[in-house]
Every structure is written in structure tokens, then in C-alpha cells.
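Asker: Supplied structure: upload18.txt, compact mmCIF, C-alpha atoms.
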```txt
# COMPACT_ATOMS: atom_id res chain seq x y z
CA MET A 10 -45.05 29.66 -44.43
CA ASP A 11 -47.75 27.04 -44.84
CA ILE A 12 -46.08 23.65 -44.53
CA GLN A 13 -48.82 21.63 -46.24
CA SER A 14 -49.11 23.76 -49.39
CA THR A 15 -45.32 24.05 -49.63
CA PHE A 16 -44.94 20.29 -49.44
CA GLU A 17 -47.72 19.59 -51.93
CA ALA A 18 -46.19 21.95 -54.49
CA LEU A 19 -42.70 20.48 -54.11
CA ASP A 20 -44.00 16.92 -54.11
CA LYS A 21 -45.96 17.52 -57.33
CA LYS A 22 -42.92 19.04 -59.01
CA PHE A 23 -40.47 16.30 -58.07
CA THR A 24 -42.91 13.44 -58.63
CA SER A 25 -42.97 14.50 -62.29
CA PHE A 26 -39.36 13.33 -62.69
CA GLY A 27 -39.94 9.68 -63.50
CA GLY A 28 -43.64 10.03 -62.75
CA LEU A 29 -45.90 7.29 -64.12
CA GLU A 30 -49.40 7.55 -65.62
CA GLN A 31 -50.79 5.21 -62.98
CA GLY A 32 -49.11 7.22 -60.23
CA GLY A 33 -45.81 6.69 -58.48
CA ILE A 34 -42.30 7.01 -59.86
CA THR A 35 -39.60 5.03 -61.59
CA ARG A 36 -36.37 7.01 -61.00
CA LEU A 37 -33.29 4.83 -61.17
CA LEU A 38 -29.70 5.79 -60.44
CA TYR A 39 -28.02 7.79 -63.22
CA SER A 40 -31.08 7.58 -65.48
CA THR A 41 -32.49 10.56 -67.39
CA GLU A 42 -35.24 10.85 -64.79
CA TRP A 43 -32.71 10.76 -61.95
CA ASN A 44 -30.54 13.39 -63.63
CA ASP A 45 -33.48 15.71 -64.19
CA ALA A 46 -34.57 15.35 -60.56
CA VAL A 47 -31.16 16.08 -59.02
CA ARG A 48 -30.55 19.07 -61.30
CA GLU A 49 -33.96 20.51 -60.39
CA LEU A 50 -33.20 19.86 -56.74
CA GLU A 51 -29.91 21.72 -57.15
CA SER A 52 -31.82 24.71 -58.58
CA THR A 53 -34.38 24.56 -55.78
CA PHE A 54 -31.66 24.55 -53.13
CA LYS A 55 -30.10 27.62 -54.74
CA GLU A 56 -33.46 29.40 -54.87
CA GLU A 57 -33.75 28.86 -51.12
CA GLY A 58 -30.39 30.49 -50.55
CA LEU A 59 -28.54 27.29 -49.72
CA GLU A 60 -24.92 26.69 -50.65
CA VAL A 61 -24.99 23.78 -53.10
CA ASN A 62 -22.45 21.00 -53.56
CA PHE A 63 -22.28 17.74 -55.49
CA ASP A 64 -19.75 15.15 -54.44
CA ASP A 65 -18.00 12.92 -56.97
CA VAL A 66 -20.76 10.27 -57.18
CA GLY A 67 -23.82 12.55 -57.20
CA ASN A 68 -24.75 13.05 -53.55
CA LEU A 69 -26.15 16.59 -53.34
CA THR A 70 -26.18 18.93 -50.35
CA GLY A 71 -27.75 22.32 -49.70
CA ARG A 72 -26.07 24.12 -46.79
CA LEU A 73 -27.20 26.93 -44.51
CA ALA A 74 -24.04 28.00 -42.71
CA GLY A 75 -24.04 28.41 -38.94
CA SER A 76 -23.23 31.74 -37.31
CA LYS A 77 -21.34 30.57 -34.23
CA TYR A 78 -20.31 26.98 -34.99
CA PRO A 79 -20.21 26.78 -38.80
CA GLU A 80 -17.80 23.85 -38.59
CA GLU A 81 -20.48 21.77 -36.83
CA THR A 82 -23.12 20.38 -39.21
CA ILE A 83 -26.61 19.04 -38.53
CA LEU A 84 -27.45 16.89 -41.54
CA THR A 85 -30.90 15.75 -42.67
CA GLY A 86 -32.28 14.08 -45.79
CA SER A 87 -32.70 10.77 -47.59
CA HIS A 88 -32.27 9.17 -51.04
CA ILE A 89 -33.52 10.51 -54.40
CA ASP A 90 -33.78 7.20 -56.30
CA THR A 91 -36.80 4.88 -56.33
CA VAL A 92 -37.56 1.27 -57.08
CA VAL A 93 -39.20 0.35 -60.38
CA GLU A 94 -42.84 1.49 -60.20
CA GLY A 95 -42.29 2.84 -56.72
CA GLY A 96 -44.14 5.47 -54.73
CA HIS A 97 -43.66 9.22 -54.42
CA LEU A 98 -42.73 9.18 -50.73
CA ASP A 99 -40.01 6.54 -50.22
CA GLY A 100 -36.83 8.61 -50.08
CA GLN A 101 -38.29 11.71 -51.71
CA PHE A 102 -40.34 12.66 -48.64
CA GLY A 103 -37.19 12.62 -46.51
CA ILE A 104 -35.49 15.11 -48.79
CA LEU A 105 -38.48 17.41 -49.21
CA SER A 106 -39.32 17.37 -45.50
CA ALA A 107 -35.71 18.31 -44.73
CA LEU A 108 -35.82 21.16 -47.24
CA ILE A 109 -39.12 22.49 -45.92
CA ALA A 110 -37.99 22.24 -42.30
CA VAL A 111 -34.80 24.19 -43.03
CA LYS A 112 -36.74 26.76 -45.07
CA TYR A 113 -39.20 27.20 -42.19
CA LEU A 114 -36.44 27.63 -39.61
CA LYS A 115 -34.52 30.07 -41.79
CA GLU A 116 -37.59 32.24 -42.35
CA LYS A 117 -38.63 32.22 -38.69
CA TYR A 118 -35.32 32.26 -36.81
CA GLY A 119 -32.70 33.28 -39.35
CA GLN A 120 -29.22 31.83 -39.34
CA PRO A 121 -28.64 28.82 -37.06
CA LEU A 122 -25.75 28.52 -34.61
CA ARG A 123 -24.64 25.29 -36.28
CA SER A 124 -24.77 24.67 -40.00
CA LEU A 125 -27.87 22.97 -41.34
CA GLU A 126 -27.49 20.80 -44.41
CA VAL A 127 -30.12 19.11 -46.57
CA LEU A 128 -28.88 15.88 -48.15
CA SER A 129 -30.03 14.09 -51.28
CA LEU A 130 -28.28 10.74 -51.48
CA ALA A 131 -27.65 9.44 -54.97
CA GLU A 132 -28.92 5.92 -54.40
CA GLU A 133 -30.18 3.50 -51.77
CA GLU A 134 -32.47 0.98 -53.44
CA GLY A 135 -30.18 -1.07 -55.71
CA SER A 136 -32.97 -1.22 -58.31
CA ARG A 137 -31.02 -0.50 -61.49
CA PHE A 138 -27.68 -2.05 -60.67
CA PRO A 139 -26.96 -4.95 -58.26
CA TYR A 140 -25.50 -2.66 -55.58
CA ALA A 141 -27.35 -0.88 -52.76
CA PHE A 142 -26.45 2.14 -50.59
CA TRP A 143 -24.12 3.58 -53.23
CA GLY A 144 -24.85 7.10 -51.97
CA SER A 145 -24.38 6.62 -48.24
CA LYS A 146 -21.49 4.18 -48.60
CA ASN A 147 -19.62 6.70 -50.73
CA PHE A 148 -20.39 9.38 -48.18
CA PHE A 149 -18.09 7.50 -45.81
CA HIS A 150 -15.80 5.98 -48.45
CA LEU A 151 -17.10 2.47 -47.85
CA ALA A 152 -17.89 1.72 -51.48
CA ASP A 153 -15.33 -0.34 -53.33
CA LYS A 154 -14.70 0.50 -56.98
CA ALA A 155 -14.15 -3.17 -57.68
CA ASP A 156 -17.72 -3.96 -56.65
CA VAL A 157 -19.27 -1.86 -59.42
CA GLU A 158 -16.74 -1.42 -62.21
CA THR A 159 -17.89 -4.60 -64.00
CA ILE A 160 -21.64 -4.56 -63.26
CA ALA A 161 -24.39 -3.52 -65.67
CA ASP A 162 -28.14 -2.97 -65.65
CA ALA A 163 -30.78 -5.17 -67.30
CA GLU A 164 -30.17 -3.47 -70.65
CA GLY A 165 -26.45 -4.11 -70.50
CA ILE A 166 -25.47 -0.51 -69.69
CA LYS A 167 -22.38 -0.53 -67.52
CA PHE A 168 -22.46 1.18 -64.14
CA GLU A 169 -19.35 3.20 -64.98
CA ASP A 170 -20.77 4.40 -68.30
CA ALA A 171 -24.07 5.52 -66.76
CA MET A 172 -22.26 7.30 -63.94
CA ARG A 173 -19.89 9.17 -66.22
CA GLU A 174 -22.61 10.06 -68.71
CA SER A 175 -24.42 11.71 -65.78
CA GLY A 176 -21.32 13.79 -65.07
CA PHE A 177 -20.04 11.87 -62.07
CA ASP A 178 -17.16 9.51 -61.33
CA TYR A 179 -15.55 7.50 -58.56
CA ARG A 180 -14.39 9.23 -55.38
CA GLN A 181 -11.32 11.32 -56.06
CA THR A 182 -10.41 12.05 -52.44
CA ASP A 183 -9.84 9.94 -49.35
CA LYS A 184 -10.97 12.65 -46.95
CA VAL A 185 -14.05 11.75 -44.89
CA ARG A 186 -16.08 14.59 -43.42
CA ASP A 187 -15.60 15.14 -39.70
CA ASP A 188 -17.99 18.08 -39.24
CA ILE A 189 -21.26 16.15 -38.96
CA LYS A 190 -22.62 16.21 -35.42
CA ALA A 191 -25.98 14.60 -36.18
CA PHE A 192 -27.92 12.98 -39.01
CA VAL A 193 -31.72 12.81 -38.91
CA GLU A 194 -33.72 10.92 -41.54
CA VAL A 195 -37.49 11.13 -41.97
CA HIS A 196 -39.19 8.24 -43.78
CA ILE A 197 -42.54 6.62 -44.31
CA GLU A 198 -42.88 3.52 -42.16
CA GLN A 199 -43.48 1.07 -45.04
CA GLY A 200 -45.48 -1.06 -42.62
CA LYS A 201 -48.81 -1.12 -40.77
CA VAL A 202 -47.76 -0.68 -37.16
CA LEU A 203 -48.38 3.07 -36.79
CA GLU A 204 -51.65 2.96 -38.71
CA THR A 205 -52.89 -0.09 -36.79
CA GLU A 206 -52.09 1.52 -33.43
CA ASN A 207 -53.41 4.93 -34.54
CA LYS A 208 -50.06 6.64 -34.08
CA THR A 209 -48.86 9.65 -36.07
CA ILE A 210 -45.10 9.51 -35.44
CA GLY A 211 -42.69 6.63 -35.06
CA VAL A 212 -39.56 7.38 -33.05
CA VAL A 213 -37.08 4.88 -34.44
CA ASN A 214 -34.72 3.41 -31.85
CA GLY A 215 -32.90 1.06 -34.20
CA ILE A 216 -32.88 -0.90 -37.43
CA PHE A 217 -33.29 -4.66 -37.39
CA GLY A 218 -30.33 -6.91 -37.81
CA GLN A 219 -31.07 -9.73 -40.20
CA LYS A 220 -29.88 -13.14 -41.20
CA ARG A 221 -30.81 -14.77 -44.50
CA TYR A 222 -30.36 -18.42 -45.34
CA THR A 223 -30.70 -20.62 -48.38
CA ILE A 224 -31.51 -24.18 -47.29
CA ASN A 225 -31.34 -27.33 -49.41
CA LEU A 226 -32.84 -30.67 -48.38
CA LYS A 227 -32.33 -33.87 -50.39
CA GLY A 228 -34.54 -36.87 -49.89
CA GLU A 229 -35.75 -39.21 -52.62
CA ALA A 230 -38.01 -38.59 -55.61
CA ASN A 231 -40.39 -41.49 -56.25
CA HIS A 232 -43.72 -42.51 -57.71
CA ALA A 233 -46.68 -40.79 -56.04
CA GLY A 234 -48.90 -43.80 -56.37
CA THR A 235 -46.62 -46.74 -55.54
CA THR A 236 -44.55 -45.31 -52.70
CA PRO A 237 -46.19 -45.93 -49.29
CA MET A 238 -46.24 -43.02 -46.86
CA SER A 239 -43.98 -44.93 -44.47
CA LEU A 240 -41.26 -45.31 -47.12
CA ARG A 241 -41.15 -41.76 -48.40
CA LYS A 242 -38.38 -39.21 -48.09
CA ASP A 243 -40.65 -36.29 -48.97
CA THR A 244 -38.79 -32.98 -48.73
CA VAL A 245 -41.98 -30.89 -48.87
CA VAL A 246 -43.26 -32.66 -45.77
CA ALA A 247 -39.94 -32.00 -44.02
CA TYR A 248 -40.08 -28.36 -45.15
CA SER A 249 -43.62 -28.05 -43.80
CA GLU A 250 -42.52 -29.36 -40.41
CA ILE A 251 -39.65 -26.86 -40.30
CA VAL A 252 -41.97 -23.97 -41.22
CA ASN A 253 -44.59 -24.97 -38.69
CA ASP A 254 -42.21 -25.53 -35.77
CA LEU A 255 -40.08 -22.44 -36.33
CA THR A 256 -43.09 -20.18 -36.91
CA LYS A 257 -44.61 -21.42 -33.66
CA ARG A 258 -41.31 -20.80 -31.88
CA ALA A 259 -40.99 -17.27 -33.33
CA ARG A 260 -44.46 -16.44 -32.02
CA GLU A 261 -43.51 -17.79 -28.60
CA ILE A 262 -40.45 -15.51 -28.49
CA GLY A 263 -42.66 -12.62 -29.58
CA GLU A 264 -42.23 -9.23 -31.14
CA PRO A 265 -40.16 -7.71 -32.55
CA LEU A 266 -38.72 -11.01 -33.85
CA VAL A 267 -39.88 -11.80 -37.38
CA LEU A 268 -39.41 -14.91 -39.50
CA THR A 269 -40.16 -15.35 -43.20
CA PHE A 270 -40.01 -18.31 -45.55
CA GLY A 271 -40.18 -16.31 -48.76
CA HIS A 272 -38.95 -18.53 -51.58
CA VAL A 273 -39.37 -22.25 -52.11
CA THR A 274 -38.49 -24.55 -55.02
CA PRO A 275 -39.45 -28.22 -54.80
CA VAL A 276 -37.95 -30.69 -57.28
CA PRO A 277 -39.28 -32.08 -59.57
CA ASN A 278 -42.33 -29.91 -58.72
CA THR A 279 -44.87 -32.04 -60.53
CA VAL A 280 -48.18 -33.57 -59.50
CA ASN A 281 -47.34 -37.28 -59.52
CA VAL A 282 -43.83 -37.46 -58.06
CA VAL A 283 -42.82 -37.36 -54.41
CA PRO A 284 -40.54 -34.28 -54.21
CA GLY A 285 -37.03 -35.53 -53.59
CA GLU A 286 -35.34 -32.15 -53.19
CA ILE A 287 -36.30 -28.71 -51.99
CA THR A 288 -34.53 -25.36 -51.73
CA PHE A 289 -36.02 -22.60 -49.61
CA SER A 290 -35.13 -19.28 -48.02
CA VAL A 291 -35.26 -18.21 -44.39
CA ASP A 292 -35.20 -14.55 -43.35
CA THR A 293 -35.17 -13.62 -39.65
CA ARG A 294 -34.75 -10.19 -38.05
CA HIS A 295 -34.56 -8.61 -34.61
CA ILE A 296 -33.28 -5.42 -33.02
CA ASP A 297 -31.25 -7.29 -30.38
CA GLN A 298 -28.13 -9.10 -31.59
CA GLN A 299 -28.13 -11.80 -28.91
CA THR A 300 -31.79 -12.67 -29.48
CA LEU A 301 -31.14 -12.85 -33.21
CA ASN A 302 -28.09 -15.06 -32.73
CA ASP A 303 -29.93 -17.40 -30.35
CA PHE A 304 -32.87 -17.81 -32.71
CA ALA A 305 -30.53 -18.43 -35.65
CA LYS A 306 -29.06 -21.35 -33.69
CA GLU A 307 -32.58 -22.70 -33.19
CA ILE A 308 -33.24 -22.41 -36.93
CA GLU A 309 -30.12 -24.37 -37.80
CA ALA A 310 -30.75 -27.00 -35.13
CA LYS A 311 -34.36 -27.52 -36.27
CA ILE A 312 -33.32 -27.98 -39.90
CA GLN A 313 -30.67 -30.47 -38.88
CA SER A 314 -32.98 -32.48 -36.62
CA VAL A 315 -35.83 -32.65 -39.14
CA ALA A 316 -33.50 -33.65 -41.95
CA GLU A 317 -31.86 -36.38 -39.89
CA ALA A 318 -35.20 -37.70 -38.61
CA ASN A 319 -36.36 -38.07 -42.22
CA ASP A 320 -33.08 -39.56 -43.46
CA MET A 321 -32.25 -36.57 -45.64
CA SER A 322 -29.08 -34.67 -46.38
CA TYR A 323 -29.09 -30.92 -45.85
CA ASP A 324 -27.10 -27.79 -46.62
CA ILE A 325 -27.42 -24.55 -44.64
CA ASN A 326 -26.03 -21.44 -46.32
CA LEU A 327 -26.06 -18.24 -44.24
CA TRP A 328 -25.44 -15.64 -46.95
CA MET A 329 -26.52 -12.47 -45.15
CA ASP A 330 -25.60 -11.61 -41.58
CA GLU A 331 -26.26 -7.95 -40.82
CA ALA A 332 -25.97 -6.67 -37.26
CA PRO A 333 -28.71 -4.47 -35.75
CA THR A 334 -28.13 -0.74 -35.89
CA LEU A 335 -29.01 1.30 -32.82
CA MET A 336 -29.91 4.97 -33.07
CA ASP A 337 -28.31 7.69 -30.94
CA GLU A 338 -30.02 7.93 -27.56
CA LYS A 339 -29.74 11.72 -27.23
CA ILE A 340 -31.31 12.34 -30.64
CA ILE A 341 -33.99 9.71 -29.92
CA ASN A 342 -34.90 11.68 -26.79
CA THR A 343 -34.99 14.92 -28.79
CA ILE A 344 -37.32 13.37 -31.38
CA GLU A 345 -39.52 11.88 -28.67
CA GLN A 346 -39.92 15.25 -26.95
CA ALA A 347 -40.74 16.93 -30.27
CA ALA A 348 -43.28 14.19 -30.95
CA LYS A 349 -44.92 14.75 -27.55
CA ASP A 350 -45.09 18.49 -28.22
CA ASN A 351 -46.73 17.99 -31.62
CA VAL A 352 -48.94 14.91 -31.31
CA GLY A 353 -49.25 14.21 -27.57
CA ASP A 354 -49.24 10.48 -26.97
CA ALA A 355 -49.89 9.62 -30.64
CA TYR A 356 -46.32 8.42 -31.15
CA LYS A 357 -44.52 5.12 -30.72
CA VAL A 358 -40.89 4.28 -30.01
CA MET A 359 -40.19 1.43 -32.42
CA PRO A 360 -37.55 -0.37 -34.47
CA SER A 361 -37.40 -0.35 -38.25
CA GLY A 362 -37.78 -3.70 -39.94
CA ALA A 363 -36.53 -2.30 -43.26
CA GLY A 364 -33.05 -1.08 -44.08
CA HIS A 365 -32.31 2.63 -44.52
CA ASP A 366 -29.37 4.92 -45.21
CA SER A 367 -29.35 5.71 -41.49
CA GLN A 368 -27.86 2.30 -40.78
CA ILE A 369 -24.77 3.35 -42.74
CA PHE A 370 -24.57 6.77 -41.07
CA ALA A 371 -25.03 5.39 -37.56
CA ASP A 372 -21.64 3.71 -37.61
CA PHE A 373 -19.93 7.08 -38.05
CA VAL A 374 -22.10 9.92 -36.69
CA PRO A 375 -24.93 10.29 -34.14
CA THR A 376 -28.01 9.25 -36.10
CA ALA A 377 -31.75 8.84 -35.61
CA MET A 378 -34.93 8.43 -37.65
CA LEU A 379 -38.58 9.24 -37.41
CA PHE A 380 -41.46 7.59 -39.26
CA VAL A 381 -44.86 8.72 -40.48
CA PRO A 382 -47.60 6.13 -41.13
CA SER A 383 -48.08 4.29 -44.43
CA ILE A 384 -51.67 3.72 -45.55
CA ASP A 385 -52.28 -0.05 -45.44
CA GLY A 386 -48.52 -0.45 -44.97
CA VAL A 387 -48.01 -0.19 -48.75
CA SER A 388 -44.62 0.86 -50.11
CA HIS A 389 -42.39 0.08 -53.10
CA ASN A 390 -45.66 0.35 -55.01
CA THR A 391 -47.40 3.02 -57.07
CA ASN A 392 -50.21 2.98 -54.48
CA GLU A 393 -47.82 4.05 -51.71
CA GLU A 394 -49.47 6.87 -49.78
CA THR A 395 -49.66 8.66 -46.42
CA GLU A 396 -52.33 11.05 -45.18
CA VAL A 397 -51.21 14.64 -45.86
CA LYS A 398 -51.91 15.58 -42.25
CA ASP A 399 -49.45 12.89 -41.11
CA LEU A 400 -46.81 14.09 -43.56
CA VAL A 401 -47.21 17.62 -42.20
CA LYS A 402 -46.82 16.36 -38.63
CA GLY A 403 -43.64 14.58 -39.65
CA ILE A 404 -42.23 17.83 -41.05
CA GLU A 405 -43.28 19.74 -37.93
CA VAL A 406 -41.54 17.25 -35.66
CA LEU A 407 -38.44 17.37 -37.85
CA LYS A 408 -38.20 21.17 -37.78
CA ASP A 409 -38.50 21.14 -33.98
CA VAL A 410 -35.73 18.54 -33.76
CA LEU A 411 -33.51 20.55 -36.09
CA TYR A 412 -34.20 23.67 -34.06
CA GLU A 413 -32.99 21.93 -30.89
CA LEU A 414 -29.88 20.58 -32.63
CA ALA A 415 -28.88 23.61 -34.69
CA TYR A 416 -30.24 26.68 -32.93
CA LYS A 417 -29.73 25.86 -29.26
CA GLU A 418 -26.41 26.11 -27.42
```
In C-alpha cells, what does this structure look like?
Answerer:
Amino acid sequence: MDIQSTFEALDKKFTSFGGLEQGGITRLLYSTEWNDAVRELESTFKEEGLEVNFDDVGNLTGRLAGSKYPEETILTGSHIDTVVEGGHLDGQFGILSALIAVKYLKEKYGQPLRSLEVLSLAEEEGSRFPYAFWGSKNFFHLADKADVETIADAEGIKFEDAMRESGFDYRQTDKVRDDIKAFVEVHIEQGKVLETENKTIGVVNGIFGQKRYTINLKGEANHAGTTPMSLRKDTVVAYSEIVNDLTKRAREIGEPLVLTFGHVTPVPNTVNVVPGEITFSVDTRHIDQQTLNDFAKEIEAKIQSVAEANDMSYDINLWMDEAPTLMDEKIINTIEQAAKDNVGDAYKVMPSGAGHDSQIFADFVPTAMLFVPSIDGVSHNTNEETEVKDLVKGIEVLKDVLYELAYKE
């Protein structure tokens, strides 16, 4: 089979479900577009001779049973939903690459020793309802009914109503699958690292842990013309000092540490008043837990010292504290070897700065990821794109990895 033409045909077909005139897709959980896509995917799986199964919440699998170890499953796939005005590759490429890789292996080598299973997860993005990873969390019974039974989308449609109208419901069984021996997810990078370094494949060794803060500083609002500089309690000035010092420190520590001040609200936010209050966000991420913890302490200490030096009160609210997720070393090695075989030295072992379903899977089964480049690092955008030749290489690496995992003793 020709991998490129097979991918292009499948991508064109599935991009039509929620496809937008300007390009890209809006395909939200339990929407008409989502329903049409998963039902077409079900039909496509059946056409390829895969045994099809929906779980209670809408996760879909297509299974090629193993000949010698059918009770051992090698799982591969990603999520079927998108963000609003998203691209055609985020999530969808992971499913289609998995399907094509399994199709290729079946045609060339026949039945595997271990079962191969293509997975379409119901949801990852959290774009319609205020809940993310609904698909993967339900896969391992981590989702709590209480977290979603009262939530609704922007139009007031309740989560429960949308789910049931799509033909799905809450989990009806407590049994968690114990047959999965590996999970491999292929994804676009959603960043510029691979493109900048002229690499074709990213071998993902882990997913960043992250800490997110909301910080509030209170000084004193006063007249912009009559308040001397020496008598001001200007929270924007204090904020600027915090940003400057912590950014400098993050650069000293070096990659892969990242630090972002993404949201800021000064009060009263007008031209002729010294800002007496400010609220801002801090987002910091790293693949190593100790490094992340140590830098978080520096963040908190800097905020405290600047506030006290400027005679201000402060509040530090750490509202997200996610640990790093490390990928399985054996599968990483398998992906790295497949990358070498396919692209030579045009690959990079790297962490993922974005969250993925793999971070949920990794706590329960051996898991790893591989990336293909994103043009200009653009994702969650209708302009999201990757060179077709890079997409093909991603599929070729995946099918070699699946061959090692499912066809070898």
C-alpha cells in the first residue's frame, strides 16, 4: 500500500466532519460533527476487518486479534475531538496514523502475535465542556460522575444530555482492562523545536509537569500627577520587577524549564492613576520534578521579597500542580531505533511541553509518544499543518514500532 495516498484520502474524509470553509475543524465532544466522525470511523474500522467496540462513554477501538498472545494488546491512537477552529492534525493524525500502520502490517505480515488495537478517544481538549481528558480518564475509571453531571456548554446544553443524545452514558462497569502491554501515541509537536533543528521525528521521553499560580499584589492607587515616585506603591512596577528577575533566572537555569506570565489585570487600569492592585498568572513547567519544585520556591520567594520591599500585601494561589510524566524506557528505545532506521540522525529525544492523553495512560501501562514537526509551530489553529513527507515518516516509524511490539516474540 502507498502510505501517503492512503493518509491523504482518509484525512480528507475525516476532516469533512466539522470541517470549516477556511480550513481546519471544529469537532466538539458529543456534537453532530463528533457523532458523524466516530460513526464513520466505526465503519472504516469494520471495512479494514477490525473488531469494533464502543465503551460506555464513546471511546472506540478497532482490534486485530493476535495469533499467539491474543490476551496481550498493543494499543495505539489518540483523540477524535478538536478545539474550536482547530486544525486537522491534532488528535486526528494519531488515529489515522495508527489505522494506516495496522492496515500496512496486516497486509504485509498478516496476523500479529499480540493483538493490535487502534484507539479513538472520545475527548481530550475540554473545548465544549469544562472538563478535559474525559476519554482517557474513563478508560481507567478515573472520571468522577460528580464532576460532569451538573456542567453545561456555552449554549446551556448539559453534559449528560449531550452524552445520552449521542447514545452514550456513564461507565456501567468497574472493570479496568488489564490486557494492555503498551500504548503508543503519535502527535504533531505543536511547537517549533523539530522544525527549527531540522528534525523529522521527536522521540518523546516525558511530558512536562506544570505549576500554575494566580498572584495578587495590593499597593495603593493614587493620583498620577501629584504622587512623587518615592511615595508610590505601584503594583505594575513591582510586577515588572518580578517578571524581569524571574525570567532572567529561568534563562540561567536553562532548557527545558519554561516560565510564562500569561494574564495580567492592573487596577484601576486607567491612564492617570497609579495602579494600586494587580492580579497576574504564572505558569512554569519542567520535565524534572525536583527542578520544578525548586524553581517554584524561587518564584514564591521572589514575589514575597518584592512585595515586602515595596510595602505591599500579596496572595499566592497555586491552583495547578501537575507532576511530570515519564515515558516507558523500553518503548522509547524502540521508537528511537525505528527513528534511526527511517530518518538517520534527523530525530530528537525531547520532552513534550503540552499535555496529552499519554500522560493519563502512563500511570497505568507502558506508554510512549512520537512527534512529527509542526510548520511554524502552529496548532489549535485552522492554519495548523505539517509537511506530508513528515507525516508519512511518522507513520513509517509507528508501523516499525508496532511491528517490534506486536509481531516479535
Asker: Pick out the closest residue to A:Gln120 from this set: A:Thr343, A:Thr85, A:Ser136, A:Ser76. Count only C-alpha atoms.
Answerer: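 Checking each of A:Thr343, A:Thr85, A:Ser136, A:Ser76 against A:Gln120, counting only C-alpha atoms, the winner is A:Ser76.
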Asker: Please determine, counting all atoms listed in the file, which residue among A:Lys339, A:Gly285, A:Ile384, A:Pro275 has the shortest atom-to-atom distance to A:Glu413.
Answerer: A:Lys339
Asker: If we count only C-alpha atoms and set the cut-off at 9 Å, which residues sit around A:Phe177, ignoring sequence neighbours fewer than 2 positions away in its own chain? Please answer as a JSON list (two decimals) with C-alpha atoms, in the coordinates of the input.
Answerer:
```json
[["chain", "number", "residue", "atom", "x", "y", "z"],
["A", 64, "ASP", "CA", -19.75, 15.15, -54.44],
["A", 65, "ASP", "CA", -18.00, 12.92, -56.97],
["A", 66, "VAL", "CA", -20.76, 10.27, -57.18],
["A", 67, "GLY", "CA", -23.82, 12.55, -57.20],
["A", 171, "ALA", "CA", -24.07, 5.52, -66.76],
["A", 172, "MET", "CA", -22.26, 7.30, -63.94],
["A", 173, "ARG", "CA", -19.89, 9.17, -66.22],
["A", 174, "GLU", "CA", -22.61, 10.06, -68.71],
["A", 175, "SER", "CA", -24.42, 11.71, -65.78],
["A", 179, "TYR", "CA", -15.55, 7.50, -58.56]]
```
Asker: Under the rule that all atoms listed in the file are counted, which of A:Glu331, A:Glu317, A:Glu94, A:Glu338 is the nearest residue to A:His389?
Answerer: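 For A:His389, the nearest of the candidates is A:Glu94.
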Asker: Determine, counting all atoms listed in the file, which protein, DNA and RNA residues have an atom within 12 Å of an atom of A:Ile340; residues of the same chain fewer than 2 positions away are not included. Present the result as a PyMOL selection string.
Answerer: chain A and resi 83+190-194+212-215+335-338+342-347+371+374-379+407+409-411+413-414
Asker: Extract, using all atoms listed in the file, all DNA, RNA and protein residues at most 12 Å from A:Lys22, discarding same-chain residues fewer than 2 positions from it, and format them as a PyMOL selection string.
Answerer: chain A and resi 15-20+24-28+45-46+49-50+53+97+101+105
Asker: Could those residues be written to a file, using C-alpha atoms, as a short mmCIF file (atom, residue, chain, number, x, y, z; two decimals), in the coordinates of the input?
Answerer:
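Below is the file that was written, result-v8.cif:
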```cif
data_model
loop_
_atom_site.label_atom_id
_atom_site.label_comp_id
_atom_site.auth_asym_id
_atom_site.auth_seq_id
_atom_site.Cartn_x
_atom_site.Cartn_y
_atom_site.Cartn_z
CA THR A 15 -45.32 24.05 -49.63
CA PHE A 16 -44.94 20.29 -49.44
CA GLU A 17 -47.72 19.59 -51.93
CA ALA A 18 -46.19 21.95 -54.49
CA LEU A 19 -42.70 20.48 -54.11
CA ASP A 20 -44.00 16.92 -54.11
CA THR A 24 -42.91 13.44 -58.63
CA SER A 25 -42.97 14.50 -62.29
CA PHE A 26 -39.36 13.33 -62.69
CA GLY A 27 -39.94 9.68 -63.50
CA GLY A 28 -43.64 10.03 -62.75
CA ASP A 45 -33.48 15.71 -64.19
CA ALA A 46 -34.57 15.35 -60.56
CA GLU A 49 -33.96 20.51 -60.39
CA LEU A 50 -33.20 19.86 -56.74
CA THR A 53 -34.38 24.56 -55.78
CA HIS A 97 -43.66 9.22 -54.42
CA GLN A 101 -38.29 11.71 -51.71
CA LEU A 105 -38.48 17.41 -49.21
#
```
Asker: Applying 12 Å and only C-alpha atoms, which residues near A:Ile296 remain after dropping the ones on its own chain fewer than 5 positions away? List them as a list in words.
Answerer: Val213, Asn214, Gly215, Ile216, Phe217, Gly218, Gln219, Lys220, Glu264, Pro265, Leu266, Val267, Leu301, Asn302, Glu331, Ala332, Pro333, Thr334, Leu335, Met336, Met359, Pro360, Ser361, Gly362, Ala363 and Gly364 of chain A
Asker: Taking (-50.1, 1.6, -43.4) in the file's coordinates, which residues come within 8 Å, counting all atoms listed in the file, written as a ChimeraX atom specification?
Answerer: /A:198-205,382-387,395
Asker: Considering all atoms listed in the file, can you say which of A:Glu30, A:Glu56, A:Glu81, A:Asp399 comes closest to A:Val352?
Answerer: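 Smallest separation from A:Val352 among the options: A:Asp399.
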Asker: Show me, as a ChimeraX atom specification, the residues that have an atom within 8 Å of stretch 108-114 of chain A when counting only C-alpha atoms, minus same-chain residues fewer than 2 positions from it.
Answerer: /A:10,12,15-16,54,57,104-106,116-119,125,127,404-405,407-408,411-412
Asker: Of the candidates A:Thr391, A:Val61, A:Glu80, A:Thr70, which shows the shortest atom-to-atom distance to A:Leu29, using all atoms listed in the file?
Answerer: A:Thr391
Asker: For a test of reading the model, state the distance in Å between atom CA of A:Phe142 and atom CA of A:Ile369, rounded to one decimal.
Answerer: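 Value for the atom CA of A:Phe142-atom CA of A:Ile369 distance: 8.1 Å.
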Asker: Would you work out the distance separating atom CA of A:Asp183 from atom CA of A:Ile160, expressed in Å to one decimal?
Answerer: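 Interatomic distance here is 23.3 Å.
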Asker: Report, in Å to a single decimal, how far apart atom CA of A:His272 and atom CA of A:Ala163 are.
Answerer: 22.2 Å
Asker: Considering all atoms listed in the file, can you say which of A:Lys77, A:Arg241, A:Arg258, A:Lys402 comes closest to A:Thr209?
Answerer: A:Lys402
Asker: Give me, as JSON lines, each residue of stretch 306-415 of chain A that comes within 12 Å of stretch 32-41 of chain A, together with its shortest interatomic pair and the distance in Å at one decimal, counting only C-alpha atoms, with rows ordered by chain and rising residue number.
Answerer:
```
{"residue": "A:Ser388", "atom": "CA", "partner": "A:Gly33", "partner_atom": "CA", "distance": 10.3}
{"residue": "A:His389", "atom": "CA", "partner": "A:Gly33", "partner_atom": "CA", "distance": 9.2}
{"residue": "A:Asn390", "atom": "CA", "partner": "A:Gly33", "partner_atom": "CA", "distance": 7.2}
{"residue": "A:Thr391", "atom": "CA", "partner": "A:Gly33", "partner_atom": "CA", "distance": 4.2}
{"residue": "A:Asn392", "atom": "CA", "partner": "A:Gly33", "partner_atom": "CA", "distance": 7.0}
{"residue": "A:Glu393", "atom": "CA", "partner": "A:Gly33", "partner_atom": "CA", "distance": 7.5}
{"residue": "A:Glu394", "atom": "CA", "partner": "A:Gly33", "partner_atom": "CA", "distance": 9.4}
```
